[in-house]
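Dropping my_file-v2.cif in here (mmCIF, C-alpha atoms):
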data_target
#
loop_
_atom_site.label_atom_id
_atom_site.label_comp_id
_atom_site.auth_asym_id
_atom_site.auth_seq_id
_atom_site.Cartn_x
_atom_site.Cartn_y
_atom_site.Cartn_z
CA MET V 1 21.93 -4.38 -13.12
CA ILE V 2 20.40 -3.16 -9.88
CA PRO V 3 21.53 -4.72 -6.58
CA LEU V 4 18.83 -6.16 -4.33
CA SER V 5 19.73 -3.64 -1.63
CA TRP V 6 18.30 -0.75 -3.65
CA TYR V 7 14.83 -2.29 -3.67
CA LEU V 8 15.03 -3.19 0.02
CA ILE V 9 16.08 0.34 0.99
CA LEU V 10 13.26 1.81 -1.13
CA ALA V 11 10.72 -0.54 0.47
CA ALA V 12 11.99 0.21 3.99
CA ALA V 13 11.79 3.95 3.35
CA LEU V 14 8.29 3.67 1.88
CA MET V 15 7.22 1.58 4.88
CA SER V 16 8.59 4.20 7.29
CA ILE V 17 6.82 7.03 5.46
CA GLY V 18 3.54 5.09 5.49
CA LEU V 19 3.88 4.32 9.20
CA PHE V 20 4.63 7.99 9.84
CA GLY V 21 1.36 8.86 8.11
CA VAL V 22 -0.60 6.30 10.12
CA ILE V 23 0.85 7.54 13.41
CA THR V 24 0.65 11.28 12.89
CA ARG V 25 -2.40 11.96 10.74
CA LYS V 26 -5.37 13.43 12.54
CA ASN V 27 -7.67 12.61 9.65
CA LEU V 28 -8.86 8.99 9.34
CA VAL V 29 -8.52 9.11 5.56
CA GLY V 30 -4.91 10.20 6.01
CA ALA V 31 -4.26 7.12 8.13
CA LEU V 32 -5.83 5.01 5.38
CA ILE V 33 -3.43 6.58 2.83
CA GLY V 34 -0.51 5.65 5.10
CA ILE V 35 -1.71 2.04 5.26
CA GLU V 36 -1.84 1.90 1.44
CA LEU V 37 1.78 3.06 1.27
CA MET V 38 2.82 0.38 3.79
CA LEU V 39 1.09 -2.37 1.79
CA ASN V 40 2.88 -1.16 -1.34
CA ALA V 41 6.23 -1.34 0.45
CA VAL V 42 5.53 -4.97 1.32
CA ASN V 43 4.62 -5.68 -2.30
CA ILE V 44 7.90 -4.19 -3.55
CA ASN V 45 9.81 -6.46 -1.17
CA LEU V 46 7.90 -9.58 -2.23
CA VAL V 47 8.32 -8.93 -5.96
CA ALA V 48 12.01 -8.11 -5.49
CA PHE V 49 12.64 -11.35 -3.55
CA TRP V 50 10.74 -13.32 -6.21
CA ARG V 51 12.82 -11.72 -8.97
CA TYR V 52 16.20 -12.12 -7.27
CA PHE V 53 15.80 -15.63 -5.86
CA HIS V 54 13.69 -17.11 -8.60
CA ASN V 55 16.46 -19.46 -9.70
CA ALA V 56 16.83 -20.86 -6.19
CA ARG V 57 13.09 -21.41 -5.84
CA PRO V 58 11.20 -21.69 -9.15
CA GLU V 59 7.73 -21.69 -7.57
CA MET V 60 5.89 -18.39 -7.85
CA ASP V 61 5.28 -17.98 -4.13
CA GLY V 62 6.20 -14.31 -4.12
CA LEU V 63 3.72 -13.42 -6.83
CA VAL V 64 0.97 -15.44 -5.12
CA PHE V 65 1.49 -13.42 -1.94
CA VAL V 66 1.45 -10.18 -3.94
CA ALA V 67 -1.89 -11.18 -5.46
CA LEU V 68 -3.30 -11.98 -2.02
CA ILE V 69 -2.09 -8.63 -0.67
CA PHE V 70 -3.91 -6.87 -3.53
CA VAL V 71 -7.11 -8.65 -2.48
CA VAL V 72 -6.63 -7.76 1.19
CA ALA V 73 -5.82 -4.14 0.32
CA ALA V 74 -8.97 -3.81 -1.77
CA GLY V 75 -11.14 -5.25 0.98
CA GLU V 76 -9.43 -3.15 3.65
CA THR V 77 -9.97 0.07 1.71
CA ALA V 78 -13.65 -0.69 1.06
CA ILE V 79 -14.30 -1.47 4.75
CA GLY V 80 -12.25 1.54 5.85
CA LEU V 81 -14.21 3.86 3.55
CA ALA V 82 -17.52 2.46 4.82
CA LEU V 83 -16.44 2.89 8.45
CA ILE V 84 -15.23 6.46 7.81
CA ILE V 85 -18.51 7.41 6.11
CA SER V 86 -20.50 5.77 8.91
CA ALA V 87 -18.45 7.54 11.60
CA TYR V 88 -18.75 10.86 9.76
CA ARG V 89 -22.53 10.46 9.51
CA SER V 90 -22.99 9.88 13.23
CA ARG V 91 -20.26 12.18 14.64
CA LYS V 92 -19.83 14.80 11.86
CA THR V 93 -16.03 14.46 12.06
CA VAL V 94 -13.25 12.14 10.94
CA ASP V 95 -10.70 13.59 13.36
CA VAL V 96 -9.07 10.75 15.26
CA ASN V 97 -8.79 12.91 18.40
CA GLU V 98 -12.52 13.61 18.46
CA LEU V 99 -13.73 10.06 17.82
CA ASN V 100 -13.67 9.12 21.51
CA LEU V 101 -16.91 7.14 21.81
CA LEU V 102 -15.10 4.28 23.54
CA LYS V 103 -13.38 6.56 26.08
CA GLY V 104 -14.12 5.45 29.63
CA MET H 1 25.60 3.72 -14.28
CA SER H 2 23.31 1.77 -16.54
CA GLY H 3 19.99 2.90 -17.94
CA MET H 4 18.08 0.56 -15.62
CA GLN H 5 19.69 2.19 -12.60
CA VAL H 6 18.81 5.67 -13.83
CA ILE H 7 15.18 4.62 -14.36
CA PHE H 8 15.13 3.02 -10.91
CA LEU H 9 16.53 6.11 -9.22
CA ILE H 10 14.02 8.39 -10.96
CA ALA H 11 11.11 6.07 -10.09
CA ALA H 12 12.30 5.70 -6.48
CA ALA H 13 12.71 9.48 -6.08
CA VAL H 14 9.22 10.12 -7.48
CA THR H 15 7.73 7.39 -5.27
CA LEU H 16 9.37 8.54 -2.05
CA GLY H 17 8.83 12.24 -2.77
CA SER H 18 5.15 11.83 -3.51
CA ALA H 19 4.77 9.45 -0.55
CA ILE H 20 6.20 12.14 1.76
CA ALA H 21 3.83 14.66 0.20
CA ALA H 22 0.93 12.20 0.64
CA VAL H 23 1.49 11.91 4.39
CA SER H 24 2.23 15.60 4.95
CA ALA H 25 -0.04 17.51 2.55
CA ARG H 26 -2.38 19.84 4.40
CA LYS H 27 -5.37 19.25 2.13
CA MET H 28 -6.58 15.67 2.13
CA LEU H 29 -7.58 15.80 -1.54
CA HIS H 30 -4.01 16.77 -2.45
CA ALA H 31 -2.74 13.92 -0.28
CA ALA H 32 -4.98 11.48 -2.17
CA LEU H 33 -3.66 12.75 -5.51
CA TRP H 34 -0.05 12.46 -4.28
CA LEU H 35 -0.89 8.89 -3.31
CA VAL H 36 -1.82 8.21 -6.96
CA LEU H 37 1.64 9.40 -8.06
CA ALA H 38 3.34 7.24 -5.41
CA LEU H 39 1.36 4.18 -6.57
CA LEU H 40 2.34 4.92 -10.16
CA GLY H 41 6.00 4.97 -9.09
CA VAL H 42 5.54 1.56 -7.46
CA ALA H 43 4.04 0.30 -10.75
CA VAL H 44 7.23 1.44 -12.52
CA ILE H 45 9.28 -0.46 -9.91
CA PHE H 46 7.21 -3.58 -10.62
CA ALA H 47 7.87 -3.17 -14.35
CA LEU H 48 11.62 -2.84 -13.59
CA LEU H 49 11.40 -6.12 -11.67
CA GLU H 50 9.90 -7.77 -14.78
CA ALA H 51 6.62 -8.43 -13.00
CA SER H 52 4.68 -6.83 -15.86
CA PHE H 53 1.38 -8.46 -14.86
CA PHE H 54 1.52 -6.89 -11.43
CA ALA H 55 2.52 -3.53 -12.86
CA VAL H 56 -0.74 -3.60 -14.83
CA VAL H 57 -2.71 -4.89 -11.81
CA GLN H 58 -1.17 -2.10 -9.73
CA VAL H 59 -2.47 0.51 -12.16
CA LEU H 60 -5.89 -1.17 -12.42
CA VAL H 61 -6.55 -2.03 -8.77
CA TYR H 62 -4.60 0.57 -6.83
CA ILE H 63 -4.79 3.61 -9.09
CA GLY H 64 -8.07 2.71 -10.76
CA ALA H 65 -10.05 1.50 -7.77
CA ILE H 66 -8.42 2.06 -4.38
CA SER H 67 -7.25 5.63 -4.88
CA ILE H 68 -10.67 6.54 -6.33
CA LEU H 69 -12.24 5.06 -3.18
CA VAL H 70 -9.86 7.18 -1.07
CA ILE H 71 -10.82 10.30 -3.05
CA PHE H 72 -14.50 9.46 -2.49
CA ALA H 73 -13.80 9.06 1.22
CA VAL H 74 -12.10 12.48 1.28
CA MET H 75 -14.98 14.15 -0.52
CA LEU H 76 -17.70 12.47 1.57
CA SER H 77 -16.10 13.25 4.94
CA ARG H 78 -15.08 16.90 4.73
CA THR H 79 -16.44 19.41 7.16
CA SER H 80 -15.13 22.31 5.12
CA LEU H 81 -13.56 22.72 1.72
CA THR H 82 -10.32 24.17 3.05
CA ASP H 83 -9.14 21.73 5.78
CA GLU H 84 -7.91 24.53 8.02
CA GLY H 85 -5.26 23.98 10.68
CA SER H 86 -2.56 21.43 11.17
CA GLN H 87 -3.34 17.97 9.83
CA THR H 88 -0.86 16.15 12.05
CA ASN H 89 -0.60 15.45 15.74
CA ARG H 90 1.55 17.66 17.96
CA GLY H 91 4.23 15.03 18.51
CA TRP H 92 4.83 14.36 14.82
CA TRP H 93 8.56 15.07 15.08
CA VAL H 94 8.93 12.33 17.72
CA ALA H 95 7.41 9.84 15.26
CA ALA H 96 9.64 11.14 12.45
CA LEU H 97 12.78 10.90 14.57
CA GLY H 98 11.91 7.41 15.80
CA LEU H 99 11.11 6.14 12.33
CA VAL H 100 14.35 7.55 10.87
CA ILE H 101 16.30 5.75 13.61
CA VAL H 102 14.37 2.51 12.97
CA LEU H 103 14.94 2.86 9.21
CA ILE H 104 18.69 3.35 9.67
CA GLY H 105 18.78 0.39 12.08
CA VAL H 106 16.89 -1.90 9.69
CA VAL H 107 19.11 -0.97 6.75
CA ALA H 108 22.26 -1.40 8.87
CA ALA H 109 21.10 -4.81 10.09
CA LEU H 110 20.14 -5.95 6.59
CA SER H 111 23.45 -4.82 5.13
CA LEU H 112 25.17 -7.56 7.17
CA TRP H 113 23.20 -10.13 5.15
CA PRO H 114 25.50 -11.83 2.59
CA LYS H 115 22.89 -11.59 -0.18
CA TRP H 116 22.46 -7.86 0.38
CA THR H 117 24.15 -6.98 -2.91
CA ALA H 118 22.74 -9.95 -4.88
CA MET H 119 22.33 -9.35 -8.59
CA PRO H 120 19.32 -10.67 -10.50
CA GLY H 121 19.86 -13.80 -12.54
CA ALA H 122 18.39 -14.32 -15.98
CA LEU H 123 14.64 -14.77 -15.78
CA PRO H 124 13.43 -17.80 -17.79
CA ALA H 125 10.39 -17.28 -20.00
CA ALA H 126 8.38 -19.75 -17.89
CA ALA H 127 8.86 -17.52 -14.85
CA THR H 128 6.69 -14.73 -16.25
CA ASP H 129 4.03 -17.12 -17.57
CA MET H 130 0.86 -16.11 -15.74
CA ALA H 131 -0.79 -19.47 -16.58
CA THR H 132 1.64 -21.08 -14.12
CA LEU H 133 0.63 -18.59 -11.46
CA GLY H 134 -3.04 -19.29 -12.12
CA LYS H 135 -2.54 -23.05 -11.91
CA GLN H 136 -0.66 -22.65 -8.63
CA LEU H 137 -3.51 -20.59 -7.20
CA VAL H 138 -6.07 -23.37 -7.78
CA ASP H 139 -3.74 -26.30 -7.03
CA PRO H 140 -4.83 -28.19 -3.88
CA ASN H 141 -1.15 -28.78 -3.12
CA GLY H 142 -0.41 -25.11 -3.79
CA TYR H 143 -2.43 -22.08 -2.74
CA LEU H 144 -6.02 -23.23 -3.16
CA LEU H 145 -6.93 -22.56 0.48
CA PRO H 146 -5.61 -18.96 0.63
CA PHE H 147 -7.22 -18.35 -2.77
CA GLU H 148 -10.65 -19.50 -1.59
CA LEU H 149 -10.23 -17.68 1.73
CA SER H 150 -9.43 -14.46 -0.11
CA SER H 151 -12.61 -14.82 -2.18
CA ILE H 152 -14.64 -15.26 1.02
CA LEU H 153 -12.80 -12.24 2.48
CA LEU H 154 -13.74 -10.12 -0.55
CA LEU H 155 -17.39 -11.21 -0.30
CA ALA H 156 -17.48 -10.48 3.42
CA ALA H 157 -15.82 -7.09 2.83
CA LEU H 158 -18.40 -6.29 0.11
CA VAL H 159 -21.39 -7.19 2.29
CA GLY H 160 -19.87 -5.55 5.37
CA ALA H 161 -19.03 -2.32 3.53
CA ILE H 162 -22.55 -2.00 2.12
CA TYR H 163 -24.13 -2.79 5.50
CA THR H 164 -21.87 -0.34 7.35
CA ALA H 165 -22.16 2.53 4.92
CA VAL H 166 -25.90 2.41 4.29
CA ASP H 167 -27.89 5.16 5.98
CA LYS H 168 -30.14 3.32 8.38
CA LYS H 169 -32.40 6.29 9.05
CA GLU H 170 -33.60 6.34 5.46
CA GLU H 171 -34.84 2.77 5.67
CA LYS H 172 -37.63 3.72 8.06
CA PRO H 173 -40.61 5.28 6.27
#
Could you take the file, read its structure, and then write that structure out as structure tokens?
Amino acid sequence: MIPLSWYLILAAALMSIGLFGVITRKNLVGALIGIELMLNAVNINLVAFWRYFHNARPEMDGLVFVALIFVVAAGETAIGLALIISAYRSRKTVDVNELNLLKG
Amino acid sequence: MSGMQVIFLIAAAVTLGSAIAAVSARKMLHAALWLVLALLGVAVIFALLEASFFAVVQVLVYIGAISILVIFAVMLSRTSLTDEGSQTNRGWWVAALGLVIVLIGVVAALSLWPKWTAMPGALPAAATDMATLGKQLVDPNGYLLPFELSSILLLAALVGAIYTAVDKKEEKP
């Protein structure tokens, strides 16, 4: 039997690694990869809480939220890809430091 | 140490290792492929948590669709085939240090929680019945509103992605 803490530590570590990617990557696609890792960390937490506290709360709330996060992640990746391709077409780069169109 | 724990530790090590490689690999295509391995590790974690449906959905949606989209994005947005130079910002070590401190703080704070070492109870057969989940998603007293909102979100994302990505210069004759 695996204690709940193992899953929570794994999810926290995965979240930190994903956030590190989002913060430090120069490439927009790299930031997108970091966001995917963060969403997966959240999903691990939700499924773990559903599994460990199912007897206290028999509704399947945790799994419903996981399903909704899958939907949001799919939409977010599609929009992100479209934005990256659009930005690349107009600026010929996906470097975050060079995409400074909004700079005053 | 039981077999479940060994499988968990292997899956967690693969997930975290490939996640670190995904955020630090110099070539973006390699990073995307490391992401696939990390997502596969998460699918194994889902299977360990007896959420078999979501382990399958993870493989289908994340590995089958999302990571392929990411690979497309890498291939469509490369200026050169080699991705020369550093792929991270100069202050990356500040972010790493800060996140390690935050991670230790979060784990230390959570470890004070009395249910920190909770063990899983027996899972009744009804708990893994996906028909119950489906009924709850379309139940007006359950999650009908988020369900319908997510369908509108997907439609809007579909239309928005096509509109954003289409090359507007080609439309003019």
| request: Compute the set of chain V residues within 7 Å of chain H, using all atoms listed in the file, and express it as a PyMOL selection string. | output: chain V and resi 1-5+9-10+12-14+16-17+20-21+24-27+29-30+34+48+51-52+60+68+71+74-75+77-79+81-83+85-86+88+93-94
| Computed interatomic separation between atom CA of Leu101 of chain V and atom CA of Ala31 of chain V (Å) |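 Separation of atom CA of Leu101 of chain V and atom CA of Ala31 of chain V: 18.6 Å.
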| Pairwise distance for atom CA of Phe49 of chain V and atom CA of Ala11 of chain H, rounded to one decimal in Å | 18.7 Å
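Picture a line from atom CA of Lys103 of chain V to atom CA of Arg26 of chain H; it runs 27.7 Å.
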| message | Taking 4 positions as the minimum chain separation for residues in the same chain, which residues sit within 7 Å of Val14 of chain H when counting only C-alpha atoms? Answer as a list in words. | response |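 Near Val14 of chain H, the qualifying residues are Ile10, Ser18, Ala38 and Gly41 of chain H.
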